[in-house]
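Trainee: Let me give you the structure first, and then I'll get to my questions.
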Amino acid sequence: MIQVTDLNKSYGKQNLFNNISFNINKKERVGLVGRNGHGKSTLFRLILGKEETDSGAISIPKNYIIAHLEQHIRFTADTILEEGCLGLPPDQQYNHWQVEEALMGLGFTLDDFHRHPSELSGGYQVRLDLVKILVSNPDLLLLDEPTNYLDVVSIRWFTKFLKSWPRELILITHDRSFMDSVTTHTMAIHREGIKKIAGSTEKIYNQIAQEEEIYEKTRVNDEKKRSEVETFIRRFRAKARLAGMVQSRIKALNKSEKREKLQNIQSLEFSFNSAPFAAKFMMSAVDISFSYNGPPNLIEDFHLSIKKDDRIGVIGKNGKGKSTLLKILSQTLTPITGEIKNHPNLKIGYFGQTNKIELNPQKNVYEEIMVSDPKCTPQKARTIAGSLMFGGDEALKKISFLSGGEKSRVLLGKIITQPSHLLLLDEPTNHLDMESCDSLLSAMDVFDGAVVLVTHNEMFLHALANRLIVFDRNRISIYEGSYQNFLNEIGWENDKPPRENGERKSQKRNLSKKDLRKLRAQTLKEKERTLTPFKRDIKKTELQIEKTEGESSSIHREIIEASEQGKGNIIQDLSKKNHDLEFQLKELYKKLDNLTCSYEEKSKEFETKLNQ
């Protein structure tokens, strides 16, 4: 268990943590959220002892092992498999199967096992380091954006692994669906404080919003009351017969705590600038083939037509050609064979992984945004910069001093400076925080044009994609339909163990159609019999939560009324009731989470049986 007490940390004038306290209890998997720059990674460094606190204490049990991804990776073994085995605890050095399973899950092949680690790309070096961490059986895993170097297939395996993690975990990620699927608790860094609850990111953000709404209403009422008291004091200060009353109010005013108005927290709020487009088709890729170093080709005989209302997700393992395809479509890369045919009026906005290199380090933010369009005025560039969280003097920061996430925002600014018909976006969520990712998703959703998006974020795929370009099974294919339909009808190659599927298919071939219908009917009955109690308990728990939340909201209103009337004793009683209700809610949400997880696991088991 980790115990943090009255922790303070600042850098110069920037105060990150103000007397924060929290515990990480046994078997808790905690998602850590907060805006970029608010201290998430700093908190990790403090827990690891890589930075000193200004004050406060971090208590870690003796012999408690903490594992985390290193920024500077060093490998000492001769092969990838041997390097992975170095992560095993001393008493498990012969459990090579654990390492092999983790390597395969994170995208390595059997042929990779005997390669030297130095041959790996930067992303796969991070994956190998992650394998060593996962097999080391630490007491606490600290994971800071672990999915940045993983593809969608690896993330699906990683999700299953973390859901069964038996010890403690703290996770930082911009991928909301990934976090919610693996964590039991969420902890938010907000306004120099910290708040931890049992439940999802949506729950903690809703709770923070509700608390701030109550705070602001109470502050306004307090200000109104204070103003009335100050008016009374000014009016009757000189009246001798009212001197006692005046002094009494002055004392009460001095004792009362003045609530400060909450400062606005900057959020990424923008929209892509779309342009009218009358034609049905925007672009066609005809017979495209490409290779960097000769045969075999990375892309072979690829065809695609992009319509004006398309939302195309480009998905698959890393290194298979997703980013290369976007470079070809944006015509920053020329195919070996075939051609890209654009509509004569087509305007493209392209966000590429390597575009940051093209930013001028000597220009400031608004200057770099302005050069994207000769018609862009300084005022328009400053407005766009403000929508991307570069308000005021932040717009004057030089590119050379920006972080990776800030450079990503500048690139988005360069795209929205001028109208576009087609957006080509290659992993635009990397280096953005969760709130910024939500804003980006909304901007893509309402964009009046076509979007081609390379992403490993399954929430984005489920929310946006109506077509898919799939890099899987050593080929590129076009899937006409949603991501969920793709999973239901085809799925990922790695999600279906070949031997097991082959055995099941051969068993099915030995059954007649009548026996198959009978078997399916029996399975459906068994499914209904097994899942009905879960449904009943989930519904009952949801009703209890709804009732308890209603009682809590009612008490919040009573607290505001009592505050307006200055009834301190009533506020104290109501606060105690509210505390008890919050505890009940915490337990109910924990119960609902357990029931839902069990229900989903059982449902998947039956779906697998029915699809066999």
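The chains in the structure tokens are called A, B, ... from first to last as shown; in each chain the residues are counted from 1, and the ligands are counted from 1 in the order shown.
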Counting only C-alpha atoms, what is within 9 Å of stretch 588-590 of chain A, bar same-chain residues fewer than 3 positions away, as a PyMOL selection string?

Mentor: chain A and resi 184+198-199+541-542+544-545+583-585+593-595

Trainee: Next, dump the selected residues to file, keeping only C-alpha atoms, as a PDB file, in the first residue's frame.

Mentor:
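Contents of result_38.pdb, as written:
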ATOM      1  CA  THR A 184     -11.092  -0.080 -10.512  1.00  0.00           C
ATOM      2  CA  ALA A 198     -14.180   3.993  -7.063  1.00  0.00           C
ATOM      3  CA  GLY A 199     -15.431   4.109 -10.609  1.00  0.00           C
ATOM      4  CA  THR A 541     -28.196  -1.774  -7.953  1.00  0.00           C
ATOM      5  CA  GLU A 542     -28.773   0.946 -10.579  1.00  0.00           C
ATOM      6  CA  GLN A 544     -30.393   1.979  -5.529  1.00  0.00           C
ATOM      7  CA  ILE A 545     -27.727   4.281  -6.993  1.00  0.00           C
ATOM      8  CA  PHE A 583     -19.935   6.118   1.339  1.00  0.00           C
ATOM      9  CA  GLN A 584     -23.064   4.163   0.326  1.00  0.00           C
ATOM     10  CA  LEU A 585     -22.659   5.378  -3.273  1.00  0.00           C
ATOM     11  CA  ASP A 593     -18.696  -2.470 -11.385  1.00  0.00           C
ATOM     12  CA  ASN A 594     -18.171  -6.054 -10.197  1.00  0.00           C
ATOM     13  CA  LEU A 595     -21.598  -7.151 -11.464  1.00  0.00           C
TER      14      LEU A 595
END

Trainee: Could you name the residues that touch stretch 253-255 of chain A at 12 Å or less, counting only C-alpha atoms, but leaving out those on the same chain fewer than 3 positions away, as a ChimeraX atom specification?

Mentor: /A:222-223,225-233,246-250,258

Trainee: Between A:Glu528, A:Ser136, A:Met389, A:Gly56, which one has atoms that come closest to A:Asn95, using only C-alpha atoms?

Mentor: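 Of A:Glu528, A:Ser136, A:Met389, A:Gly56, the one nearest A:Asn95 is A:Ser136, counting only C-alpha atoms.
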
Trainee: Pick out the residues sitting within 10 Å of A:Pro146, and hand them over as a ChimeraX atom specification; count only C-alpha atoms, and ignore anything fewer than 2 positions along from it in its own chain.

Mentor: /A:68-69,126-127,130,142-144,148-150,155,158,171-174

Trainee: Measuring between only C-alpha atoms, which one of A:Arg259, A:His114, A:Arg156, A:Arg167 shows the shortest distance to A:Met1?

Mentor: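 Once distances to A:Met1 are computed over only C-alpha atoms, the minimum belongs to A:Arg167.
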
Trainee: Excluding A:Thr332 and any residue of its chain fewer than 5 positions from it, enumerate the residues within 12 Å of it, using only C-alpha atoms, and give them as a PDB file with N, CA and C atoms, in the first residue's frame.

Mentor:
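Result saved to selection.pdb:
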ATOM      1  N   SER A 323       0.960   4.639 -41.646  1.00  0.00           N
ATOM      2  CA  SER A 323       1.453   6.018 -41.823  1.00  0.00           C
ATOM      3  C   SER A 323       1.933   6.244 -43.245  1.00  0.00           C
ATOM      4  N   THR A 324       2.550   5.226 -43.834  1.00  0.00           N
ATOM      5  CA  THR A 324       3.009   5.333 -45.224  1.00  0.00           C
ATOM      6  C   THR A 324       1.831   5.571 -46.161  1.00  0.00           C
ATOM      7  N   LEU A 325       0.736   4.869 -45.922  1.00  0.00           N
ATOM      8  CA  LEU A 325      -0.453   5.047 -46.763  1.00  0.00           C
ATOM      9  C   LEU A 325      -0.960   6.481 -46.674  1.00  0.00           C
ATOM     10  N   LEU A 326      -0.991   7.060 -45.472  1.00  0.00           N
ATOM     11  CA  LEU A 326      -1.454   8.444 -45.336  1.00  0.00           C
ATOM     12  C   LEU A 326      -0.512   9.421 -46.043  1.00  0.00           C
ATOM     13  N   LYS A 327       0.782   9.140 -46.004  1.00  0.00           N
ATOM     14  CA  LYS A 327       1.737   9.991 -46.731  1.00  0.00           C
ATOM     15  C   LYS A 327       1.492   9.922 -48.235  1.00  0.00           C
ATOM     16  N   ILE A 340      -2.617   8.677 -57.447  1.00  0.00           N
ATOM     17  CA  ILE A 340      -3.654   9.288 -56.619  1.00  0.00           C
ATOM     18  C   ILE A 340      -4.364  10.325 -57.476  1.00  0.00           C
ATOM     19  N   ILE A 348      -6.797  19.590 -48.793  1.00  0.00           N
ATOM     20  CA  ILE A 348      -6.489  18.545 -47.805  1.00  0.00           C
ATOM     21  C   ILE A 348      -5.815  19.159 -46.576  1.00  0.00           C
ATOM     22  N   TYR A 350      -3.516  17.795 -43.581  1.00  0.00           N
ATOM     23  CA  TYR A 350      -2.752  16.573 -43.248  1.00  0.00           C
ATOM     24  C   TYR A 350      -1.975  16.744 -41.947  1.00  0.00           C
ATOM     25  N   PHE A 351      -2.226  15.843 -41.001  1.00  0.00           N
ATOM     26  CA  PHE A 351      -1.499  15.793 -39.729  1.00  0.00           C
ATOM     27  C   PHE A 351      -0.676  14.510 -39.734  1.00  0.00           C
ATOM     28  N   GLY A 352       0.655  14.645 -39.857  1.00  0.00           N
ATOM     29  CA  GLY A 352       1.523  13.471 -39.940  1.00  0.00           C
ATOM     30  C   GLY A 352       2.423  13.341 -38.724  1.00  0.00           C
ATOM     31  N   THR A 354       5.561  12.859 -38.633  1.00  0.00           N
ATOM     32  CA  THR A 354       6.864  13.517 -38.792  1.00  0.00           C
ATOM     33  C   THR A 354       6.732  15.003 -39.080  1.00  0.00           C
ATOM     34  N   ASN A 355       5.513  15.528 -39.093  1.00  0.00           N
ATOM     35  CA  ASN A 355       5.329  16.941 -39.420  1.00  0.00           C
ATOM     36  C   ASN A 355       5.944  17.891 -38.410  1.00  0.00           C
ATOM     37  N   LEU A 424      -6.620  14.173 -43.284  1.00  0.00           N
ATOM     38  CA  LEU A 424      -5.805  12.969 -43.163  1.00  0.00           C
ATOM     39  C   LEU A 424      -5.035  13.088 -41.853  1.00  0.00           C
TER      40      LEU A 424
END

Trainee: Which residues come within 8 Å of stretch 2-14 of chain A, counting only C-alpha atoms, excluding same-chain residues fewer than 5 positions away, as a ChimeraX atom specification?

Mentor: /A:19-25,53-61

Trainee: Counting only C-alpha atoms, which of A:Pro374, A:Gly404, A:Gly313, A:Pro89 gets nearest to A:Leu453?

Mentor: A:Gly313

Trainee: Find, counting only C-alpha atoms, the residue in A:Phe460, A:Tyr599, A:Phe44, A:Phe471 that gets nearest to A:Lys527.

Mentor: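 Among the listed residues, the smallest separation from A:Lys527 belongs to A:Tyr599.
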
Trainee: Of the residues A:Gly105, A:Pro117, A:Pro90, A:Gly123, which is the one nearest to A:Phe161, using only C-alpha atoms?

Mentor: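 Among the listed residues, the smallest separation from A:Phe161 belongs to A:Gly105.
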
Trainee: Taking only stretch 129-189 of chain A into account, list the residues labelled alpha helix (DSSP H) by DSSP (computed from the backbone), as a VMD selection string.

Mentor: chain A and resid 129 to 134 152 to 163 176 to 182

Trainee: Give me the residues near A:Ala443 as a PyMOL selection string, where near means some atom within 7 Å (using only C-alpha atoms) and where sequence neighbours in that chain fewer than 4 positions away do not count.

Mentor: chain A and resi 270-272+439+447

Trainee: List every residue of stretch 232-322 of chain A that DSSP, applied to the backbone of this structure, assigns to strand (DSSP E), and report them as an mmCIF file with C-alpha atoms, in the first residue's frame.

Mentor:
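Once everything was written out, this is result-v5.cif:
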data_model
loop_
_atom_site.group_PDB
_atom_site.id
_atom_site.type_symbol
_atom_site.label_atom_id
_atom_site.label_comp_id
_atom_site.auth_asym_id
_atom_site.auth_seq_id
_atom_site.Cartn_x
_atom_site.Cartn_y
_atom_site.Cartn_z
ATOM 1 C CA PHE A 281 -16.024 11.646 -54.676
ATOM 2 C CA MET A 282 -12.984 13.522 -53.398
ATOM 3 C CA MET A 283 -10.078 11.190 -54.141
ATOM 4 C CA SER A 284 -9.251 7.852 -55.705
ATOM 5 C CA ALA A 285 -6.191 5.665 -55.112
ATOM 6 C CA VAL A 286 -5.711 3.413 -58.147
ATOM 7 C CA ASP A 287 -3.478 0.312 -58.145
ATOM 8 C CA ILE A 288 -1.094 1.729 -55.509
ATOM 9 C CA SER A 289 2.086 -0.197 -54.658
ATOM 10 C CA PHE A 290 4.970 1.015 -52.524
ATOM 11 C CA ILE A 299 1.625 -1.786 -49.977
ATOM 12 C CA GLU A 300 0.501 -3.868 -52.949
ATOM 13 C CA ASP A 301 -2.264 -3.200 -55.555
ATOM 14 C CA PHE A 302 -4.258 -0.931 -53.248
ATOM 15 C CA HIS A 303 -7.493 0.706 -54.420
ATOM 16 C CA LEU A 304 -9.638 3.222 -52.543
ATOM 17 C CA SER A 305 -12.281 5.855 -53.332
ATOM 18 C CA ILE A 306 -13.020 8.511 -50.708
ATOM 19 C CA LYS A 307 -16.511 10.039 -50.600
ATOM 20 C CA ARG A 311 -15.104 8.508 -41.788
ATOM 21 C CA ILE A 312 -12.382 5.958 -42.545
ATOM 22 C CA GLY A 313 -10.396 4.320 -39.747
ATOM 23 C CA VAL A 314 -6.954 3.001 -40.729
ATOM 24 C CA ILE A 315 -6.122 0.174 -38.335
ATOM 25 C CA GLY A 316 -3.609 -2.605 -37.853
#

Trainee: Record the distance separating atom CA of A:Gly392 and atom CA of A:Leu412, expressed in Å with one decimal.

Mentor: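 Separating atom CA of A:Gly392 from atom CA of A:Leu412 is a distance of 18.4 Å.
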
Trainee: Under the rule that only C-alpha atoms are counted, which of A:Lys40, A:Arg557, A:His116, A:Lys322 is the nearest residue to A:Leu128?

Mentor: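 Under the stated criterion, the closest residue is A:His116.
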
Trainee: Please provide as a list in words all residues within 8 Å of A:Met434, with the sequence filter that same-chain residues fewer than 5 positions apart are discarded (counting only C-alpha atoms).

Mentor: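 Those residues are Val33, Gly34, Arg35, Thr173, His174, Asp175 and Arg176 of chain A.
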
Trainee: In Å to one decimal, how far is atom CA of A:Val153 from atom CA of A:Glu168?

Mentor: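 Atom-to-atom, atom CA of A:Glu168 to atom CA of A:Val153, that is 24.3 Å.
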